[in-house]
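work_3.txt (compact mmCIF, C-alpha atoms)
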```
# COMPACT_ATOMS: atom_id res chain seq x y z
CA MET A 434 -46.87 -91.44 56.49
CA SER A 435 -47.71 -90.63 60.05
CA GLU A 436 -51.23 -89.91 61.20
CA GLU A 437 -50.26 -89.79 64.86
CA ALA A 438 -48.54 -86.41 65.21
CA ASN A 439 -50.84 -84.08 67.10
CA PRO A 440 -50.85 -80.76 65.19
CA PHE A 441 -51.41 -78.71 68.33
CA GLU A 442 -48.41 -80.30 70.02
CA SER A 443 -46.39 -79.68 66.83
CA LEU A 444 -47.29 -75.99 67.01
CA GLN A 445 -46.25 -75.76 70.65
CA GLU A 446 -42.94 -77.46 69.88
CA GLN A 447 -42.27 -74.97 67.09
CA ILE A 448 -42.94 -72.07 69.47
CA ASP A 449 -40.62 -73.57 72.09
CA ASP A 450 -37.88 -74.00 69.48
CA ALA A 451 -38.07 -70.30 68.59
CA ALA A 452 -38.35 -69.13 72.20
CA ALA A 453 -35.01 -70.76 72.99
CA TYR A 454 -33.38 -67.98 70.94
CA LEU A 455 -35.36 -65.13 72.52
CA ASP A 456 -35.66 -63.57 75.94
CA VAL A 457 -39.31 -64.41 76.67
CA ASP A 458 -40.70 -64.90 80.17
CA ASP A 459 -42.03 -68.42 80.74
CA ASP A 460 -45.44 -67.14 81.82
CA ILE A 461 -45.84 -65.07 78.64
CA LEU A 462 -44.67 -67.98 76.52
CA GLU A 463 -47.19 -70.29 78.17
CA ARG A 464 -49.95 -67.84 77.32
CA LEU A 465 -48.86 -67.70 73.68
CA LYS A 466 -48.98 -71.49 73.32
CA HIS A 467 -52.71 -71.82 74.05
CA PRO A 468 -55.88 -70.38 72.48
CA GLU A 469 -57.76 -67.66 74.29
CA ARG A 470 -61.05 -69.44 73.66
CA VAL A 471 -62.51 -72.32 71.64
CA LEU A 472 -66.17 -72.54 70.67
CA GLU A 473 -67.50 -76.08 70.21
CA LEU A 474 -70.84 -76.48 68.46
CA ASN A 475 -73.38 -79.11 67.55
CA LEU A 476 -75.32 -78.06 64.47
CA SER A 477 -78.69 -79.72 63.84
CA VAL A 478 -79.48 -79.40 60.15
CA ASP A 479 -82.34 -80.68 58.00
CA MET A 480 -81.26 -82.95 55.14
CA ASP A 481 -82.89 -83.14 51.71
CA ASP A 482 -84.66 -86.39 52.59
CA GLY A 483 -86.40 -84.81 55.59
CA SER A 484 -84.09 -86.29 58.22
CA ARG A 485 -82.12 -84.18 60.67
CA ARG A 486 -78.39 -84.62 61.16
CA ARG A 487 -75.93 -83.39 63.77
CA PHE A 488 -72.60 -81.86 62.74
CA GLU A 489 -69.79 -81.08 65.15
CA ALA A 490 -68.11 -77.71 64.54
CA PHE A 491 -65.43 -75.50 66.09
CA ARG A 492 -64.06 -71.96 66.10
CA SER A 493 -60.78 -71.26 67.86
CA GLN A 494 -59.65 -67.71 68.67
CA PHE A 495 -56.01 -68.19 69.51
CA ASN A 496 -54.60 -64.73 70.07
CA GLY A 497 -55.75 -61.18 69.36
CA ASP A 498 -52.79 -59.13 70.60
CA ARG A 499 -51.99 -57.78 67.14
CA GLY A 500 -55.52 -57.32 65.81
CA PRO A 501 -58.82 -59.08 65.03
CA TYR A 502 -58.78 -62.87 64.91
CA LYS A 503 -58.30 -64.07 61.33
CA GLY A 504 -58.51 -67.50 59.82
CA GLY A 505 -60.31 -69.88 57.55
CA ILE A 506 -63.12 -72.40 57.94
CA ARG A 507 -62.56 -75.91 56.64
CA TYR A 508 -65.05 -78.68 55.87
CA HIS A 509 -63.46 -82.10 56.31
CA PRO A 510 -64.34 -85.39 58.04
CA ASN A 511 -61.07 -85.26 60.01
CA VAL A 512 -61.59 -81.81 61.54
CA SER A 513 -60.90 -81.97 65.28
CA ARG A 514 -60.61 -79.63 68.23
CA ASP A 515 -56.80 -79.98 68.36
CA GLU A 516 -56.46 -79.44 64.62
CA VAL A 517 -58.48 -76.23 64.76
CA LYS A 518 -56.49 -75.01 67.78
CA ALA A 519 -53.23 -75.68 65.95
CA LEU A 520 -54.38 -73.99 62.76
CA SER A 521 -55.55 -70.92 64.69
CA GLY A 522 -52.13 -70.73 66.36
CA TRP A 523 -50.32 -71.02 63.04
CA MET A 524 -52.47 -68.12 61.82
CA VAL A 525 -51.22 -65.91 64.68
CA TYR A 526 -47.61 -66.45 63.70
CA LYS A 527 -48.33 -66.39 59.96
CA CYS A 528 -49.91 -62.93 60.25
CA ALA A 529 -47.02 -61.79 62.43
CA VAL A 530 -44.25 -63.04 60.12
CA VAL A 531 -45.69 -61.03 57.20
CA ASP A 532 -46.49 -58.18 59.60
CA ILE A 533 -50.18 -57.68 58.91
CA PRO A 534 -52.35 -56.42 61.81
CA TYR A 535 -54.29 -59.57 62.64
CA GLY A 536 -54.38 -62.20 65.33
CA GLY A 537 -55.23 -65.80 64.57
CA GLY A 538 -58.39 -67.87 64.45
CA LYS A 539 -59.63 -70.97 62.67
CA GLY A 540 -62.86 -72.89 62.27
CA GLY A 541 -64.06 -76.19 60.96
CA ILE A 542 -67.00 -78.52 60.55
CA VAL A 543 -66.72 -82.30 60.72
CA ILE A 544 -68.30 -83.04 57.35
CA ASP A 545 -67.46 -84.63 54.02
CA PRO A 546 -68.87 -82.11 51.52
CA LYS A 547 -68.76 -84.71 48.74
CA GLU A 548 -71.62 -86.53 50.49
CA HIS A 549 -73.98 -83.53 50.51
CA SER A 550 -75.95 -81.49 48.03
CA ALA A 551 -75.40 -77.77 47.58
CA ALA A 552 -78.67 -77.11 49.41
CA GLU A 553 -77.55 -79.17 52.41
CA LEU A 554 -74.17 -77.44 52.48
CA GLU A 555 -75.88 -74.07 52.41
CA ARG A 556 -78.06 -74.99 55.39
CA VAL A 557 -75.02 -76.30 57.29
CA THR A 558 -73.07 -73.13 56.51
CA ARG A 559 -75.88 -70.78 57.48
CA SER A 560 -76.44 -72.72 60.71
CA PHE A 561 -72.74 -72.34 61.52
CA ALA A 562 -72.84 -68.63 60.64
CA LYS A 563 -75.82 -68.10 62.93
CA GLU A 564 -73.94 -69.65 65.85
CA LEU A 565 -70.77 -67.68 65.05
CA ARG A 566 -72.68 -64.40 64.88
CA PRO A 567 -71.86 -63.24 68.45
CA LEU A 568 -68.13 -63.85 67.90
CA ILE A 569 -67.42 -62.60 64.39
CA GLY A 570 -67.40 -59.09 62.96
CA GLU A 571 -65.27 -56.73 60.90
CA ASP A 572 -63.29 -55.70 63.98
CA ARG A 573 -63.57 -58.93 65.99
CA ASP A 574 -63.08 -62.15 64.04
CA ILE A 575 -62.96 -62.44 60.26
CA PRO A 576 -63.41 -65.93 58.74
CA ALA A 577 -62.13 -66.96 55.31
CA PRO A 578 -62.06 -70.05 53.07
CA ASP A 579 -59.94 -73.08 53.81
CA VAL A 580 -60.02 -76.76 52.82
CA ASN A 581 -63.24 -77.57 50.89
CA THR A 582 -64.68 -74.07 51.27
CA GLY A 583 -64.53 -71.09 48.93
CA GLN A 584 -66.32 -68.04 47.65
CA ARG A 585 -69.73 -69.71 47.80
CA GLU A 586 -69.52 -70.54 51.50
CA MET A 587 -68.11 -67.09 52.36
CA ASN A 588 -70.98 -65.45 50.49
CA TRP A 589 -73.46 -67.51 52.53
CA ILE A 590 -71.77 -66.53 55.82
CA LYS A 591 -71.71 -62.86 54.87
CA ASP A 592 -75.36 -62.91 53.80
CA THR A 593 -76.47 -64.70 56.98
CA TYR A 594 -74.55 -62.29 59.22
CA GLU A 595 -75.83 -59.19 57.41
CA LYS A 596 -79.46 -60.34 57.51
CA LEU A 597 -79.31 -61.17 61.23
CA GLU A 598 -77.49 -57.92 62.07
CA HIS A 599 -79.64 -55.80 59.73
CA THR A 600 -76.53 -54.21 58.26
CA THR A 601 -74.10 -54.24 55.36
CA ALA A 602 -70.72 -55.59 56.44
CA PRO A 603 -68.70 -57.03 53.54
CA GLY A 604 -65.58 -57.11 55.71
CA VAL A 605 -67.06 -59.72 58.07
CA VAL A 606 -65.50 -62.44 55.90
CA THR A 607 -62.86 -62.52 53.18
CA GLY A 608 -62.41 -64.77 50.18
CA LYS A 609 -65.78 -63.69 48.79
CA ALA A 610 -66.81 -63.53 45.15
CA ILE A 611 -65.93 -60.26 43.41
CA SER A 612 -69.65 -59.46 43.12
CA SER A 613 -69.98 -59.68 46.92
CA GLY A 614 -66.99 -57.50 47.74
CA GLY A 615 -64.16 -59.91 47.11
CA SER A 616 -60.70 -58.88 45.97
CA GLU A 617 -59.00 -59.37 42.65
CA GLY A 618 -56.10 -61.79 43.03
CA ARG A 619 -57.50 -63.62 46.07
CA VAL A 620 -58.05 -66.99 44.39
CA GLU A 621 -54.41 -67.23 43.28
CA ALA A 622 -52.88 -65.63 46.38
CA THR A 623 -51.71 -68.74 48.27
CA GLY A 624 -50.14 -70.30 45.19
CA ARG A 625 -48.57 -66.97 44.27
CA SER A 626 -46.91 -66.56 47.67
CA THR A 627 -45.63 -70.14 47.39
CA MET A 628 -44.02 -69.27 44.05
CA LEU A 629 -42.58 -66.01 45.39
CA THR A 630 -41.11 -67.79 48.42
CA ALA A 631 -39.54 -70.45 46.21
CA ARG A 632 -38.13 -67.82 43.87
CA GLU A 633 -36.60 -65.83 46.72
CA ALA A 634 -35.23 -68.99 48.38
CA PHE A 635 -33.51 -70.17 45.21
CA ASP A 636 -31.99 -66.72 44.75
CA TYR A 637 -30.80 -66.62 48.38
CA LEU A 638 -29.29 -70.11 48.06
CA ASP A 639 -27.61 -69.25 44.73
CA LYS A 640 -29.69 -71.82 42.88
CA GLU A 641 -31.30 -71.34 39.46
CA ILE A 642 -35.11 -71.47 39.46
CA GLU A 643 -35.09 -71.64 35.66
CA GLY A 644 -34.91 -75.32 34.77
CA ALA A 645 -35.41 -76.45 38.37
CA THR A 646 -37.46 -79.65 38.68
CA VAL A 647 -40.59 -79.39 40.84
CA ALA A 648 -42.93 -81.94 42.46
CA VAL A 649 -46.26 -80.77 43.90
CA GLN A 650 -48.11 -82.95 46.40
CA GLY A 651 -51.74 -81.82 46.43
CA TYR A 652 -53.13 -80.35 43.22
CA GLY A 653 -55.93 -78.22 44.53
CA ASN A 654 -56.04 -74.46 44.24
CA ALA A 655 -52.76 -73.64 46.01
CA GLY A 656 -50.74 -76.46 44.46
CA SER A 657 -51.97 -75.96 40.90
CA VAL A 658 -51.53 -72.18 40.98
CA ALA A 659 -48.02 -72.51 42.43
CA ALA A 660 -47.16 -75.05 39.70
CA ARG A 661 -48.41 -72.80 36.92
CA LEU A 662 -46.64 -69.71 38.25
CA LEU A 663 -43.38 -71.60 38.76
CA GLU A 664 -43.69 -72.88 35.21
CA ASP A 665 -44.13 -69.27 34.08
CA ILE A 666 -40.74 -68.31 35.57
CA GLY A 667 -38.98 -71.24 33.96
CA ALA A 668 -39.23 -74.17 36.40
CA ASP A 669 -40.11 -77.67 35.17
CA VAL A 670 -43.06 -79.27 36.96
CA VAL A 671 -42.34 -83.00 36.66
CA ALA A 672 -44.84 -84.51 39.13
CA VAL A 673 -48.17 -83.61 40.74
CA SER A 674 -50.62 -85.53 42.89
CA ASP A 675 -54.00 -85.48 44.56
CA SER A 676 -55.79 -87.96 46.81
CA SER A 677 -56.09 -90.42 43.90
CA GLY A 678 -52.33 -90.66 43.31
CA ALA A 679 -49.58 -88.95 41.34
CA VAL A 680 -48.48 -88.50 37.74
CA TYR A 681 -44.83 -88.07 36.74
CA ASP A 682 -42.82 -87.25 33.66
CA GLU A 683 -39.14 -86.41 33.98
CA SER A 684 -39.33 -84.29 30.82
CA GLY A 685 -42.00 -82.10 32.41
CA LEU A 686 -45.79 -81.83 32.62
CA ASP A 687 -48.07 -79.08 31.39
CA ALA A 688 -49.32 -77.63 34.70
CA VAL A 689 -52.40 -76.02 33.13
CA ALA A 690 -53.35 -79.08 31.10
CA VAL A 691 -53.13 -81.33 34.17
CA LYS A 692 -55.38 -78.94 36.10
CA GLU A 693 -57.92 -78.95 33.29
CA PHE A 694 -57.79 -82.76 33.21
CA LYS A 695 -58.41 -82.88 36.96
CA ARG A 696 -61.30 -80.45 36.62
CA ASP A 697 -62.89 -82.61 33.91
CA THR A 698 -62.28 -86.02 35.50
CA GLY A 699 -61.97 -85.36 39.22
CA SER A 700 -58.36 -86.53 39.57
CA VAL A 701 -54.88 -86.14 38.07
CA THR A 702 -54.41 -89.90 37.62
CA GLY A 703 -55.10 -91.07 34.11
CA TYR A 704 -53.55 -87.99 32.54
CA GLU A 705 -52.42 -89.31 29.15
CA ASP A 706 -49.29 -87.22 28.65
CA ALA A 707 -47.64 -88.41 31.87
CA ALA A 708 -44.97 -91.08 31.55
CA GLU A 709 -46.04 -92.95 34.67
CA GLU A 710 -48.23 -92.92 37.76
CA LEU A 711 -46.88 -92.95 41.32
CA SER A 712 -48.21 -93.00 44.85
CA ASN A 713 -48.22 -89.81 46.91
CA GLU A 714 -45.38 -91.20 49.02
CA GLU A 715 -43.29 -91.90 45.92
CA LEU A 716 -43.84 -88.31 44.76
CA LEU A 717 -42.63 -86.97 48.11
CA THR A 718 -39.36 -88.85 47.72
CA LEU A 719 -38.59 -87.96 44.08
CA ASP A 720 -35.13 -86.59 43.28
CA VAL A 721 -36.21 -83.02 42.44
CA ASP A 722 -34.86 -79.55 43.10
CA LEU A 723 -38.08 -78.31 44.74
CA LEU A 724 -40.81 -80.18 46.61
CA ILE A 725 -44.10 -78.44 47.41
CA PRO A 726 -46.35 -80.23 49.94
CA ALA A 727 -49.73 -78.59 49.25
CA ALA A 728 -52.23 -81.00 50.83
CA LEU A 729 -52.95 -81.54 54.54
CA GLU A 730 -50.83 -81.57 57.68
CA ASN A 731 -48.45 -84.41 58.66
CA ALA A 732 -47.72 -85.46 55.07
CA ILE A 733 -44.06 -86.06 55.89
CA ASP A 734 -43.00 -87.66 59.17
CA GLY A 735 -39.53 -88.44 60.49
CA ASP A 736 -39.28 -91.79 58.72
CA LEU A 737 -40.35 -90.48 55.33
CA ALA A 738 -38.07 -87.45 55.71
CA GLU A 739 -35.09 -89.81 55.60
CA ASP A 740 -36.07 -90.60 52.01
CA VAL A 741 -36.86 -87.05 50.82
CA ARG A 742 -34.41 -86.21 48.03
CA ALA A 743 -35.50 -82.64 47.21
CA ASP A 744 -32.97 -79.88 47.83
CA VAL A 745 -35.62 -77.33 48.86
CA VAL A 746 -39.08 -77.84 50.39
CA VAL A 747 -41.63 -75.00 50.26
CA GLU A 748 -44.77 -75.65 52.34
CA ALA A 749 -47.95 -74.58 50.57
CA ALA A 750 -50.03 -76.61 53.07
CA ASN A 751 -50.36 -75.91 56.79
CA GLY A 752 -48.12 -78.15 58.89
CA PRO A 753 -47.17 -80.73 56.24
CA LEU A 754 -44.01 -81.69 58.14
CA THR A 755 -43.99 -83.14 61.63
CA PRO A 756 -41.37 -81.80 64.09
CA ASP A 757 -39.45 -85.07 63.68
CA ALA A 758 -39.37 -84.52 59.92
CA ASP A 759 -38.07 -81.00 60.49
CA ASP A 760 -35.23 -82.35 62.61
CA VAL A 761 -34.29 -84.97 60.03
CA LEU A 762 -34.31 -82.52 57.11
CA THR A 763 -32.29 -79.97 59.08
CA GLU A 764 -29.66 -82.61 59.80
CA ARG A 765 -29.62 -83.57 56.11
CA ASP A 766 -29.20 -79.91 54.98
CA VAL A 767 -32.54 -79.84 53.16
CA TYR A 768 -33.84 -76.28 53.19
CA VAL A 769 -37.47 -75.97 54.33
CA LEU A 770 -39.36 -72.72 53.76
CA PRO A 771 -42.16 -72.83 56.34
CA ASP A 772 -45.89 -72.60 55.80
CA ILE A 773 -46.27 -69.43 57.86
CA LEU A 774 -44.37 -67.58 55.14
CA ALA A 775 -44.91 -69.65 51.99
CA ASN A 776 -48.70 -69.86 52.12
CA ALA A 777 -49.25 -66.46 53.74
CA GLY A 778 -50.45 -65.03 50.43
CA GLY A 779 -54.00 -66.10 51.25
CA VAL A 780 -54.23 -64.17 54.50
CA THR A 781 -52.26 -61.25 53.05
CA VAL A 782 -54.70 -60.75 50.18
CA SER A 783 -57.54 -61.37 52.62
CA TYR A 784 -56.14 -58.39 54.53
CA PHE A 785 -56.13 -56.38 51.29
CA GLU A 786 -59.76 -57.44 50.71
CA TRP A 787 -60.73 -56.37 54.22
CA VAL A 788 -59.02 -52.99 53.71
CA GLN A 789 -60.89 -52.52 50.42
CA ASN A 790 -64.18 -53.50 52.09
CA ARG A 791 -63.65 -50.98 54.88
CA GLN A 792 -62.77 -48.18 52.45
CA ARG A 793 -65.32 -49.19 49.81
CA PHE A 794 -62.52 -48.64 47.31
CA TYR A 795 -61.32 -51.56 45.21
CA TRP A 796 -57.90 -52.28 43.71
CA THR A 797 -56.83 -53.70 40.36
CA GLU A 798 -55.38 -57.20 40.21
CA GLU A 799 -52.03 -55.69 39.24
CA ARG A 800 -51.98 -53.60 42.42
CA VAL A 801 -52.96 -56.60 44.56
CA ASN A 802 -50.20 -58.74 43.07
CA ASP A 803 -47.62 -55.98 43.40
CA GLU A 804 -48.51 -55.39 47.05
CA LEU A 805 -48.41 -59.13 47.75
CA GLU A 806 -44.97 -59.44 46.18
CA ARG A 807 -43.73 -56.56 48.34
CA VAL A 808 -45.07 -58.14 51.54
CA ILE A 809 -43.67 -61.62 50.82
CA THR A 810 -40.24 -60.43 49.68
CA GLU A 811 -39.86 -58.10 52.67
CA ALA A 812 -40.92 -60.90 55.01
CA PHE A 813 -38.41 -63.24 53.37
CA ASP A 814 -35.63 -60.70 53.85
CA THR A 815 -36.58 -60.28 57.52
CA LEU A 816 -36.58 -64.07 57.95
CA THR A 817 -33.13 -64.51 56.41
CA ASP A 818 -31.77 -61.62 58.51
CA ALA A 819 -32.96 -63.44 61.64
CA TYR A 820 -31.58 -66.74 60.32
CA GLU A 821 -28.12 -65.24 59.94
CA SER A 822 -28.00 -62.87 62.92
CA HIS A 823 -29.24 -65.47 65.45
CA ASP A 824 -27.27 -68.33 63.84
CA LEU A 825 -30.46 -70.38 63.66
CA PRO A 826 -30.68 -74.05 62.61
CA ASN A 827 -33.34 -73.62 59.92
CA PHE A 828 -35.71 -71.19 58.24
CA ARG A 829 -38.73 -72.36 60.24
CA THR A 830 -37.12 -71.40 63.51
CA ALA A 831 -36.17 -68.06 61.93
CA ALA A 832 -39.77 -67.41 60.92
CA TYR A 833 -41.02 -68.20 64.42
CA VAL A 834 -38.32 -66.05 66.02
CA VAL A 835 -39.52 -63.07 63.95
CA ALA A 836 -43.21 -63.79 64.50
CA LEU A 837 -42.99 -64.66 68.20
CA GLN A 838 -41.03 -61.51 68.98
CA ARG A 839 -43.69 -59.39 67.25
CA VAL A 840 -46.51 -61.03 69.21
CA VAL A 841 -44.60 -60.73 72.50
CA ASP A 842 -43.92 -57.06 71.79
CA ALA A 843 -47.60 -56.40 71.11
CA TYR A 844 -48.65 -58.15 74.32
CA THR A 845 -46.09 -56.45 76.55
CA ASP A 846 -46.69 -53.02 74.99
CA ASN A 847 -50.45 -53.38 75.51
CA GLY A 848 -50.06 -54.43 79.15
CA ASN A 849 -52.06 -57.13 80.91
CA TRP A 850 -55.73 -56.52 81.69
CA PRO A 851 -56.91 -58.57 84.72
```
Starting from the coordinates I provided, produce the structure as structure tokens.
Amino acid sequence: MSEEANPFESLQEQIDDAAAYLDVDDDILERLKHPERVLELNLSVDMDDGSRRRFEAFRSQFNGDRGPYKGGIRYHPNVSRDEVKALSGWMVYKCAVVDIPYGGGKGGIVIDPKEHSAAELERVTRSFAKELRPLIGEDRDIPAPDVNTGQREMNWIKDTYEKLEHTTAPGVVTGKAISSGGSEGRVEATGRSTMLTAREAFDYLDKEIEGATVAVQGYGNAGSVAARLLEDIGADVVAVSDSSGAVYDESGLDAVAVKEFKRDTGSVTGYEDAAEELSNEELLTLDVDLLIPAALENAIDGDLAEDVRADVVVEAANGPLTPDADDVLTERDVYVLPDILANAGGVTVSYFEWVQNRQRFYWTEERVNDELERVITEAFDTLTDAYESHDLPNFRTAAYVVALQRVVDAYTDNGNWP
């Protein structure tokens, strides 16, 4: 597996690939390939033992032509400036492809949360929120959870912002707990959109989802929810993995039972009802009908793509394929449904949460799920229309053609302010 592909350069290459099929001025295209601003921070935070530690942190605001900046905050030791820039750019085009009125942003802190107590993580989070305070707001920039963050961290950010601003502003972040203004259906949203995208793709390709074999790389929230929901519509989940390794059984696994085992033990490896254990790389090359990369970016590079045997790949993670891998899979007629559609359920339900916060009127889970299904299926239809009408090489290029055109239209219709 490659660790060398620069995610920001991958994003720019994807934009260039789409622009080749559109009439976009070079100067406008150049603007849309770079963030408008990037905040780089050094957080000095007191540890439980009385020492003080520095944490590097970032917030990238990539583009706001279609609305407030929107994007998650991740806690991971490998967070970098280029990664955050890339993720904020992917958010721009993700929001555009599902046609919700947001731009794109992303944040991150270079930290391994496993090495810190809850009290230390709260101090780190509140320190970050204090520094973000001038940039964020219900109509400016709206953070959300990402890798290793969740409702708890969003509640801390919201509380810090509200106390410093002497206001009540639940819409300043999304992905909050229900008691703090969160939305029903938000926790499952990314996995649900992954399932919906897979279902629509199989239907479009005249393949049966019932009985289809599925491998899921990355069994966190998105991967485990997608596995369970695919199982609910008749697919057979035969392999899942996390950072510890993979478990496989050709006769099928119980997606819920494996998740419960991981919750109790900390990993999927050791699950008794699996026939065998594999490496993550072996899982990615299993002969299955559907492969779901649901971990981090660059999971599949050009070399590994030569060995991928899945018929369809649906990206629950952000940027799990390098551009070289995309090229290889396109040449091999492997259908890839891109991240900016497949995992857009998270930002879509975040948008629903923000709408509910602004109106102070909250929806049922059934309404949230129904609205999400409408958004994803309409976006899928728009993507396939572009794929066919422009005679495009793959679904990723189709998604970027749709999204890029929408962002370009917003920018040109708004006009340029000196």
Ranking A:Ile448, A:Ala679, A:Val788, A:Val801 by minimum distance to Pro603 in chain A and counting only C-alpha atoms, which one comes first?
A:Val788
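Computed from the coordinates, the CA of Thr593 in chain A to CA of Phe794 in chain A distance equals 23.4 Å.
Those residues that approach Ala659 in chain A to within 7 Å, counting all atoms listed in the file, are Gly624, Arg625, Thr627 and Met628 of chain A; same-chain residues fewer than 5 positions away are not listed.
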Please provide the set of residues having any atom within 9 Å of range 648-657 of chain A, restricted to only C-alpha atoms, with same-chain residues fewer than 3 positions apart removed, written as a PyMOL selection string.
chain A and resi 620-625+627+660-662+669-676+679+681+688-689+691-692+695+700-701+713+716-717+719+721-729+743+749-750+776
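The smallest atom-to-atom distance between Leu444 in chain A and any of A:Val605, A:Leu737, A:Ile773, A:Ala490, using all atoms listed in the file, is found for A:Ile773.
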If we draw a sphere of 12 Å around (-47.8, -58.7, 59.9), which residues have at least one atom in it when counting only C-alpha atoms? Please report them as a PyMOL selection string.
chain A and resi 498-500+503+524-537+773-774+777-778+780-781+784+808-809+811-812+815+832+835-840+843
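Proximity of A:Glu643, A:Glu553, A:Asp458, A:Asp720 to Asp479 in chain A, computed with only C-alpha atoms, is greatest for A:Glu553.
One distance worth recording is that between CA of Asp515 in chain A and CA of Tyr594 in chain A, which is 26.7 Å.
Counting all atoms listed in the file, the residue from A:Asp760, A:Glu714, A:Asp766, A:Asp803 that sits nearest to Asp450 in chain A is A:Asp760.
Of the residues listed (A:Glu571, A:Asp665, A:Glu617, A:Glu469), A:Glu617 shows the shortest atom-to-atom separation from Glu799 in chain A; distances use all atoms listed in the file.
The shortest atom-to-atom distance to Gln445 in chain A, with all atoms listed in the file taken into account, belongs to A:Ala519 out of A:Ala819, A:Leu711, A:Ile461, A:Ala519.
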Report as number ranges by chain all protein, DNA and RNA residues lying within 10 Å of Glu798 in chain A, evaluated on only C-alpha atoms, omitting residues in the same chain fewer than 4 positions from it.
A: 616-619, 802-804
Can you tell me how far CA of Leu554 in chain A sits from CA of Ser521 in chain A, in Å to one decimal?
23.2 Å
List the spatial neighbours of Glu730 in chain A as a PyMOL selection string - criterion: any atom at most 12 Å away, all atoms listed in the file, same-chain residues fewer than 2 positions off excluded.
chain A and resi 434-441+443-444+511-512+516-517+519-520+523+580+650-651+726-728+732-734+748-756+772
Contacts of Arg765 in chain A at 10 Å or less, counting only C-alpha atoms, minus same-chain residues fewer than 3 places along, as a PyMOL selection string?
chain A and resi 738-739+741-742+744+759-762+768
